[in-house]
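The block underneath contains the structure these notes are about, expressed in structure tokens.
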Amino acid sequence: MSDKHQDVALILKLYELRREEGLRRARRWYFAEFNPQSVDDILKVWGSGHDGSAYFRMITSYWDMAASFVNNGGIDEKMFMDANGEHVGVFSKLEPFIEELRQAAGMPDYLRQLETLVRKTPNVEARLERLRGLFTRWSKIAEKSSA
């Protein structure tokens, strides 16, 4: 099998894993309900021991792991970036607080692989801002529907 075929197989495997029920619940929670306004909001969720904590850790570790595969040459970067965008969305919620979060957690390299890959995205700052606006709207819709 050629390198490109192996890359395709790996990207499809990552996609298949995203369809697993636990990860689907975590993704739904992360994008519709998790709307941090400060590093304290993130730390409260992260350390809560509730479903949100597990979901947060599941989503962030999944995308940091996938990013590490790309950053270390295990998956073709262009192909991965052409086929995925969710990792940028994941990082968009944390980006305004990432340095403070790393400091508060005592983990200076926390999500460094994810950040490294996201920063390679063309027009990344504008895209991060657009995604934050979109996810804020989704959170408001989720709040209204659960009230």
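Chain lettering (A, B, ...) mirrors the order of the structure tokens, residue numbering begins at 1 for each chain separately, and ligand numbering begins at 1 in order of display.
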Per residue of region 7-71 of chain A within 8 Å of region 121-140 of chain A, record the nearest atom pair and its distance in Å to one decimal, counting only C-alpha atoms, with rows in chain order and ascending residue number, as a Markdown table.
| residue | atom | partner | partner_atom | distance |
| --- | --- | --- | --- | --- |
| A:Phe31 | CA | A:Phe135 | CA | 6.2 |
| A:Ala32 | CA | A:Ser139 | CA | 4.8 |
| A:Glu33 | CA | A:Ser139 | CA | 5.2 |
| A:Phe34 | CA | A:Ser139 | CA | 7.3 |
| A:Asn35 | CA | A:Ser139 | CA | 6.6 |
Taking 6 positions as the minimum chain separation for residues in the same chain, which residues sit within 10 Å of Ser38 (chain A) when counting only C-alpha atoms? Answer as number ranges by chain. A: 94, 96-97, 100-101
Save out the residues we just selected, N, CA and C atoms, as a PDB file, in the first residue's frame.
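Saved file again-v5.pdb follows:
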ATOM      1  N   LEU A  94     -10.572  27.264  23.467  1.00  0.00           N
ATOM      2  CA  LEU A  94      -9.527  27.323  24.492  1.00  0.00           C
ATOM      3  C   LEU A  94      -8.465  28.375  24.215  1.00  0.00           C
ATOM      4  N   PRO A  96      -8.229  31.600  23.659  1.00  0.00           N
ATOM      5  CA  PRO A  96      -8.069  32.852  24.408  1.00  0.00           C
ATOM      6  C   PRO A  96      -7.480  32.653  25.813  1.00  0.00           C
ATOM      7  N   PHE A  97      -7.532  31.425  26.309  1.00  0.00           N
ATOM      8  CA  PHE A  97      -7.128  31.147  27.688  1.00  0.00           C
ATOM      9  C   PHE A  97      -5.972  30.160  27.784  1.00  0.00           C
ATOM     10  N   GLU A 100      -2.829  30.888  30.063  1.00  0.00           N
ATOM     11  CA  GLU A 100      -3.258  30.946  31.464  1.00  0.00           C
ATOM     12  C   GLU A 100      -3.644  29.546  31.957  1.00  0.00           C
ATOM     13  N   LEU A 101      -4.284  28.769  31.102  1.00  0.00           N
ATOM     14  CA  LEU A 101      -4.674  27.403  31.453  1.00  0.00           C
ATOM     15  C   LEU A 101      -3.440  26.538  31.695  1.00  0.00           C
TER      16      LEU A 101
END
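Minimum distance to Met81 (chain A) across A:Lys120, A:His5, A:Arg57, A:Leu111 (counting only C-alpha atoms) occurs at A:Lys120.
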Could you pull out the alpha helix (DSSP H) residues of region 15-127 of chain A, going by DSSP on the backbone, and write them as an MDAnalysis selection string? chainID A and resid 15:18 21:32 39:46 51:71 77:83 86:94 98:105 112:118 124:127
Near Val8 (chain A), counting only C-alpha atoms, which residues have an atom at most 10 Å away, once you skip same-chain residues fewer than 3 positions from it, shown as a PyMOL selection string? chain A and resi 2-5+11-14+75-76+79-80+83
Store the residues picked out above in a file with N, CA, C and O atoms, as a short mmCIF file (atom, residue, chain, number, x, y, z; two decimals), in the first residue's frame.
data_model
loop_
_atom_site.label_atom_id
_atom_site.label_comp_id
_atom_site.auth_asym_id
_atom_site.auth_seq_id
_atom_site.Cartn_x
_atom_site.Cartn_y
_atom_site.Cartn_z
N SER A 2 0.56 2.24 -0.81
CA SER A 2 1.36 3.45 -0.89
C SER A 2 1.19 4.30 0.35
O SER A 2 0.25 4.11 1.13
N ASP A 3 2.11 5.25 0.54
CA ASP A 3 2.03 6.16 1.68
C ASP A 3 0.71 6.92 1.69
O ASP A 3 0.10 7.09 2.74
N LYS A 4 0.27 7.38 0.53
CA LYS A 4 -0.99 8.14 0.45
C LYS A 4 -2.17 7.26 0.86
O LYS A 4 -3.07 7.72 1.55
N HIS A 5 -2.14 6.01 0.44
CA HIS A 5 -3.22 5.10 0.82
C HIS A 5 -3.21 4.86 2.34
O HIS A 5 -4.27 4.77 2.96
N ILE A 11 -6.65 8.51 8.31
CA ILE A 11 -7.64 9.59 8.44
C ILE A 11 -9.05 9.01 8.57
O ILE A 11 -9.85 9.46 9.40
N LEU A 12 -9.34 7.98 7.78
CA LEU A 12 -10.65 7.33 7.89
C LEU A 12 -10.81 6.65 9.25
O LEU A 12 -11.91 6.66 9.82
N LYS A 13 -9.75 6.09 9.79
CA LYS A 13 -9.81 5.48 11.12
C LYS A 13 -10.10 6.55 12.18
O LYS A 13 -10.93 6.33 13.07
N LEU A 14 -9.45 7.70 12.07
CA LEU A 14 -9.73 8.79 13.02
C LEU A 14 -11.19 9.22 12.91
O LEU A 14 -11.84 9.49 13.91
N ILE A 75 0.92 11.19 9.51
CA ILE A 75 -0.16 11.43 8.57
C ILE A 75 0.20 12.67 7.77
O ILE A 75 0.66 13.66 8.34
N ASP A 76 -0.02 12.61 6.48
CA ASP A 76 0.27 13.74 5.61
C ASP A 76 -0.50 14.98 6.08
O ASP A 76 -1.72 14.96 6.24
N MET A 79 -3.16 16.52 3.54
CA MET A 79 -4.33 15.66 3.43
C MET A 79 -5.19 15.75 4.70
O MET A 79 -6.41 15.86 4.64
N PHE A 80 -4.54 15.73 5.85
CA PHE A 80 -5.27 15.84 7.12
C PHE A 80 -6.01 17.17 7.20
O PHE A 80 -7.19 17.21 7.56
N ALA A 83 -9.03 17.34 5.03
CA ALA A 83 -10.12 16.45 5.42
C ALA A 83 -10.73 16.77 6.78
O ALA A 83 -11.78 16.22 7.12
#
Here CA of Asp109 (chain A) and CA of Ser53 (chain A) stand apart by 19.5 Å
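Counting from CA of Asn84 (chain A), the distance to CA of Tyr110 (chain A) is 21.2 Å.
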Name the residues in contact with Ala54 (chain A) at a cut-off of 12 Å, using only C-alpha atoms, excluding same-chain residues fewer than 2 positions from it; report them as a PyMOL selection string. chain A and resi 22-23+25-27+29-30+45-52+56-62
Next, the residues of the selection above should be written as an mmCIF file, in the first residue's frame with N, CA and C atoms.
data_model
loop_
_atom_site.group_PDB
_atom_site.id
_atom_site.type_symbol
_atom_site.label_atom_id
_atom_site.label_comp_id
_atom_site.auth_asym_id
_atom_site.auth_seq_id
_atom_site.Cartn_x
_atom_site.Cartn_y
_atom_site.Cartn_z
ATOM 1 N N GLY A 22 -19.602 7.336 22.728
ATOM 2 C CA GLY A 22 -19.084 8.182 23.807
ATOM 3 C C GLY A 22 -18.444 9.452 23.273
ATOM 4 N N LEU A 23 -17.702 9.322 22.206
ATOM 5 C CA LEU A 23 -17.067 10.497 21.610
ATOM 6 C C LEU A 23 -18.105 11.399 20.954
ATOM 7 N N ARG A 25 -21.178 11.882 22.072
ATOM 8 C CA ARG A 25 -21.773 12.638 23.192
ATOM 9 C C ARG A 25 -20.838 13.759 23.631
ATOM 10 N N ALA A 26 -19.559 13.426 23.717
ATOM 11 C CA ALA A 26 -18.573 14.424 24.138
ATOM 12 C C ALA A 26 -18.497 15.570 23.142
ATOM 13 N N ARG A 27 -18.522 15.241 21.864
ATOM 14 C CA ARG A 27 -18.476 16.286 20.826
ATOM 15 C C ARG A 27 -19.720 17.157 20.905
ATOM 16 N N TRP A 29 -21.601 17.774 23.519
ATOM 17 C CA TRP A 29 -21.473 18.607 24.712
ATOM 18 C C TRP A 29 -20.466 19.736 24.477
ATOM 19 N N TYR A 30 -19.302 19.395 23.932
ATOM 20 C CA TYR A 30 -18.230 20.380 23.764
ATOM 21 C C TYR A 30 -18.666 21.540 22.879
ATOM 22 N N VAL A 45 -14.802 22.891 34.971
ATOM 23 C CA VAL A 45 -15.263 21.718 34.230
ATOM 24 C C VAL A 45 -14.230 20.605 34.311
ATOM 25 N N TRP A 46 -12.989 20.941 34.035
ATOM 26 C CA TRP A 46 -11.904 19.970 33.967
ATOM 27 C C TRP A 46 -11.792 19.179 35.268
ATOM 28 N N GLY A 47 -11.904 19.867 36.387
ATOM 29 C CA GLY A 47 -11.707 19.209 37.674
ATOM 30 C C GLY A 47 -12.978 18.767 38.379
ATOM 31 N N SER A 48 -14.099 18.824 37.690
ATOM 32 C CA SER A 48 -15.380 18.581 38.348
ATOM 33 C C SER A 48 -15.658 17.119 38.672
ATOM 34 N N GLY A 49 -15.121 16.210 37.892
ATOM 35 C CA GLY A 49 -15.453 14.806 38.078
ATOM 36 C C GLY A 49 -16.787 14.418 37.470
ATOM 37 N N HIS A 50 -17.480 15.356 36.858
ATOM 38 C CA HIS A 50 -18.766 15.093 36.218
ATOM 39 C C HIS A 50 -18.547 14.727 34.745
ATOM 40 N N ASP A 51 -19.653 14.444 34.057
ATOM 41 C CA ASP A 51 -19.562 14.082 32.638
ATOM 42 C C ASP A 51 -18.799 15.121 31.832
ATOM 43 N N GLY A 52 -19.017 16.394 32.127
ATOM 44 C CA GLY A 52 -18.326 17.446 31.390
ATOM 45 C C GLY A 52 -16.820 17.317 31.473
ATOM 46 N N PHE A 56 -14.617 16.814 28.264
ATOM 47 C CA PHE A 56 -13.548 17.773 27.976
ATOM 48 C C PHE A 56 -12.229 17.040 27.728
ATOM 49 N N ARG A 57 -11.880 16.141 28.629
ATOM 50 C CA ARG A 57 -10.617 15.413 28.504
ATOM 51 C C ARG A 57 -10.620 14.516 27.274
ATOM 52 N N MET A 58 -11.772 13.909 26.961
ATOM 53 C CA MET A 58 -11.866 13.024 25.802
ATOM 54 C C MET A 58 -11.618 13.801 24.508
ATOM 55 N N ILE A 59 -12.279 14.933 24.366
ATOM 56 C CA ILE A 59 -12.169 15.728 23.133
ATOM 57 C C ILE A 59 -10.772 16.318 22.985
ATOM 58 N N THR A 60 -10.277 16.937 24.040
ATOM 59 C CA THR A 60 -8.972 17.604 23.920
ATOM 60 C C THR A 60 -7.841 16.601 23.719
ATOM 61 N N SER A 61 -7.883 15.481 24.423
ATOM 62 C CA SER A 61 -6.799 14.500 24.252
ATOM 63 C C SER A 61 -6.884 13.821 22.888
ATOM 64 N N TYR A 62 -8.102 13.593 22.395
ATOM 65 C CA TYR A 62 -8.269 12.991 21.065
ATOM 66 C C TYR A 62 -7.611 13.868 19.997
#
From A:Leu17, A:Ile141, A:Met65, A:Val39, residue lying nearest Lys93 (chain A) [only C-alpha atoms]: A:Val39
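Between CA of Leu43 (chain A) and CA of Arg19 (chain A) the separation is 26.9 Å.
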